[in-house]
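Here the structure is laid out as structure tokens; the discussion comes afterwards.
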Amino acid sequence: MFKKFQPSTDIAGQTPIKSSVQRSIRSAVLEQWKIEPETLEAVWPKKEGLVLVKCREHISIYTVHGEPIFFQHFDGPIYPTLRLLHKYPYILPMVRVDRGAIRFLLAGAHMMCPGFTSKGGYLPPAEEGLAAGVPVAIHAEGKEHAVGVGITKLATEDMKKVNKGVGVETVTYVGDDFWVIQSL
Amino acid sequence: MPAKKNRDKGDKSAAIADPPPAASEPEGPPPPEPRPPVRVLYCGVCTFPVEYCEFGSSLTRCKEWLHEHDLEAYSKYYSDEALQAKIGTLSLEAQSKLEQETAKKEAKAEAKADAALKKKLASQVTIKRIERNKRKHVTSIHGLEAFDIDLKKAAKQFASKFATGASVTKNPQGLEEIVVQGDVSDEVFEMIEGEVGILKGIPADNVEIVEEKKKKGGD
């Protein structure tokens, strides 16, 4: 999503958000992520207004004090930025790819199923399986921190069964154009 | 509040369905204090978390940086045992291929940086005095963006310095330039020379002043 992203051309405008809309965003975040209200309060204090940065292709980025904290495509799920995810790694369910896939992930490729099912990879066990269309933190074999944020294209159980093709679509990753932007 | 109730319910069911494997927290009421964020050490050279430097395009410089700033982390990631452990499930062949590719990438990035620097040194800033109406002129300044200067801020600076209008406009070539009302070309040149405000890092040799007369008969 952010492989190519130029603030000068891709941003259509910035507007402060109405407090009523902010409330609904806050409750959506609390619903979608595994985050305590107190922690969210630390990231995004109630007093601080959220600023919506509208970008091309229906991407909205939400910033606090110019620092992006989460983003959304159209009205899909809300993703945390990678820097936020590094600070609070437990907010999204985690999947892991093997070492061979890191290189491709850092070039912006989507993650294929075999990367998760091989020895270095990890998918949640069957009873905790994820459905398709869930934001996940993509970790990498032998690494401590997340390398990207993605969205599952198949349910994790199906990934294990099919073991072919795209399993997780990469949304943002370390070193893409969105990573480079530290403030808007 | 019905909305809140819903949310709580959703939370709970989610917790049963998929507790995070990485940070399995003891169940119970959420702590009243916000959980402190994890501190991640980001590389000063490539901005990646330091463990991902090896996939960046400046590994050698990243290593040096880490060695200087955090010896402990350096030995964690680049000691012999760490390098051994890292190979992990990859075959030897794949590993050597990966290394080759990293080296190649590094060389490529360096060449690119060199080229960018050269381009920067070669790029020109043009201060153009445009006649508007016999005794009236505007001054257009072109090429500042090559020196990483925020055009909007620069325009603001010119406007407040000269107490005239200054704006960022697109010229016919589709490039952005600053247009200042009035003939201020010499003053602008002096400002660039003296590195006033945000106008920093422009060698005076790269600045040229030109004059554009209105075409005869034109409107």
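Following the order of the structure tokens, chains are lettered A, B, ..., residues in each are numbered from 1, and ligands are numbered from 1.
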
Would you mind listing what lies within 10 Å of segment 190-196 of chain B as a PyMOL selection string, with only C-alpha atoms counted and same-chain residues fewer than 5 positions away left out?
chain B and resi 125+157-158+184-185+201-205+207

Keeping only C-alpha atoms, write those residues as a compact mmCIF listing (two decimals), in the first residue's frame.
# COMPACT_ATOMS: atom_id res chain seq x y z
CA VAL B 125 19.50 28.20 -8.26
CA GLN B 157 10.51 34.09 4.98
CA PHE B 158 10.87 36.23 1.87
CA VAL B 184 14.59 41.92 -4.79
CA SER B 185 17.04 39.80 -6.75
CA GLY B 201 23.74 24.96 2.33
CA ILE B 202 23.61 26.63 -1.06
CA PRO B 203 27.04 27.41 -2.49
CA ALA B 204 27.04 30.95 -3.84
CA ASP B 205 28.69 29.77 -7.05
CA VAL B 207 23.36 30.94 -7.82

Identify every residue of chain A that has at least one atom within 6 Å of any atom of chain B, counting only C-alpha atoms, and report the result as a PyMOL selection string.
chain A and resi 31+38-39+87-88+90+93+128

Just write the chosen residues, N, CA and C atoms, as a compact mmCIF listing (two decimals), in the first residue's frame.
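What landed in again-v7.txt:
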# COMPACT_ATOMS: atom_id res chain seq x y z
N GLU A 31 -12.09 -1.85 19.91
CA GLU A 31 -12.75 -3.10 19.56
C GLU A 31 -11.84 -3.98 18.71
N GLU A 38 -6.29 2.46 28.79
CA GLU A 38 -5.25 3.28 29.42
C GLU A 38 -4.06 3.44 28.48
N THR A 39 -3.70 2.35 27.82
CA THR A 39 -2.56 2.42 26.92
C THR A 39 -2.88 3.30 25.72
N LYS A 87 6.20 -0.37 19.60
CA LYS A 87 6.09 0.01 21.00
C LYS A 87 5.15 -0.90 21.76
N TYR A 88 4.06 -1.28 21.12
CA TYR A 88 3.07 -2.12 21.78
C TYR A 88 2.81 -3.36 20.93
N TYR A 90 1.77 -6.23 21.35
CA TYR A 90 0.70 -7.20 21.63
C TYR A 90 -0.64 -6.79 21.04
N PRO A 93 -2.62 -9.66 16.49
CA PRO A 93 -2.18 -11.05 16.47
C PRO A 93 -0.94 -11.19 15.60
N GLU A 128 -6.81 -21.21 17.85
CA GLU A 128 -6.74 -19.75 17.89
C GLU A 128 -6.68 -19.17 16.49

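Between Gly142 of chain A and the residues B:Ser58, B:Lys128, B:Ile178, B:Tyr77, the shortest atom-to-atom distance, using only C-alpha atoms, involves B:Tyr77.
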
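Each of A:Gly115, A:Val43, A:Leu184, A:Gly175 was checked against Gly13 of chain A using only C-alpha atoms; the smallest atom-to-atom distance is that of A:Leu184.
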
Pick the closest to Glu110 of chain B from B:Lys156, B:Arg135, B:Lys97, B:Arg61: which is it, counting only C-alpha atoms?
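Using only C-alpha atoms, the shortest distance to Glu110 of chain B belongs to B:Arg61.
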
Taking the chain letters and numbering used in this document, name the residues of segment 66-116 of chain A that DSSP puts in strand (DSSP E or B), as a PyMOL selection string.
chain A and resi 67-73+78-80+94-97+111-112

With C-alpha atoms retained, export the selected residues as a CSV table (one decimal), in the first residue's frame.
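File produced: out25.csv:
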chain,number,residue,atom,x,y,z
A,67,GLU,CA,3.0,11.8,14.1
A,68,PRO,CA,1.0,9.1,12.3
A,69,ILE,CA,-0.4,6.6,14.7
A,70,PHE,CA,-2.8,4.7,12.6
A,71,PHE,CA,-4.2,4.4,9.1
A,72,GLN,CA,-7.1,2.9,7.3
A,73,HIS,CA,-8.0,2.0,3.7
A,78,ILE,CA,-7.6,0.3,11.3
A,79,TYR,CA,-4.0,-0.6,11.2
A,80,PRO,CA,-1.4,0.7,13.6
A,94,MET,CA,1.2,-12.2,15.3
A,95,VAL,CA,2.4,-14.4,12.4
A,96,ARG,CA,5.9,-15.2,11.5
A,97,VAL,CA,7.7,-15.8,8.3
A,111,MET,CA,3.7,-13.0,2.0
A,112,MET,CA,3.1,-16.5,0.6

Check the DSSP output for the backbone and give back, as a VMD selection string, the residues of segment 80-184 of chain A in helix (DSSP H, G or I).
chain A and resid 82 to 87 89 to 91 99 to 105 113 to 117 126 to 128 156 to 162 177 to 180

Could you save those same residues with C-alpha atoms as a compact mmCIF listing (two decimals), in the first residue's frame?
# COMPACT_ATOMS: atom_id res chain seq x y z
CA LEU A 82 4.76 0.08 12.41
CA ARG A 83 6.43 2.36 14.91
CA LEU A 84 3.39 2.15 17.18
CA LEU A 85 3.33 -1.60 16.77
CA HIS A 86 6.97 -1.79 17.82
CA LYS A 87 6.09 0.01 21.00
CA PRO A 89 3.64 -5.41 20.00
CA TYR A 90 0.70 -7.20 21.63
CA ILE A 91 -2.06 -5.15 20.00
CA ARG A 99 14.23 -16.06 7.20
CA GLY A 100 14.19 -16.56 3.48
CA ALA A 101 11.11 -14.40 3.12
CA ILE A 102 12.43 -11.32 4.90
CA ARG A 103 14.29 -10.16 1.85
CA PHE A 104 11.15 -10.22 -0.26
CA LEU A 105 9.03 -8.68 2.44
CA CYS A 113 1.78 -19.39 2.59
CA PRO A 114 4.91 -21.58 2.51
CA GLY A 115 6.79 -18.84 4.36
CA PHE A 116 4.47 -19.31 7.30
CA THR A 117 4.21 -23.08 7.24
CA ALA A 126 -5.90 -24.32 15.09
CA GLU A 127 -7.98 -23.33 18.11
CA GLU A 128 -6.74 -19.75 17.89
CA THR A 156 -4.82 -19.33 8.93
CA GLU A 157 -6.17 -22.88 8.84
CA ASP A 158 -6.66 -22.59 5.10
CA MET A 159 -3.09 -21.36 4.75
CA LYS A 160 -1.87 -24.54 6.34
CA LYS A 161 -4.08 -26.64 4.06
CA VAL A 162 -3.57 -24.86 0.76
CA ASP A 177 7.89 5.17 1.96
CA PHE A 178 5.49 5.34 4.89
CA TRP A 179 8.17 4.18 7.29
CA VAL A 180 10.43 6.96 6.08

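Here the question is which of A:Ile11, A:Ile61, A:Cys55, A:Val134 gets nearest to Lys153 of chain A using only C-alpha atoms, and that residue is A:Val134.
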
Which one of A:Phe2, A:Thr172, A:Lys164, A:Ile151 sits closest to Gly133 of chain A if you count only C-alpha atoms?
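Comparing A:Phe2, A:Thr172, A:Lys164, A:Ile151 against Gly133 of chain A, the winner is A:Ile151.
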
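Nearest to Glu57 of chain A of all the residues A:Met1, A:Ala155, A:Val166, A:Val174 is A:Met1, counting only C-alpha atoms.
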
Excluding same-chain residues fewer than 4 positions from Gln173 of chain B, what lies within 12 Å of it counting only C-alpha atoms, as a VMD selection string?
chain B and resid 142 169 177

Can you spit out the residues from that selection as a CSV table (one decimal), in the first residue's frame, using C-alpha atoms?
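Ended up saving to out.csv:
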chain,number,residue,atom,x,y,z
B,142,HIS,CA,13.9,28.6,-9.0
B,169,THR,CA,3.8,28.7,-7.9
B,177,GLU,CA,9.3,28.2,-7.9
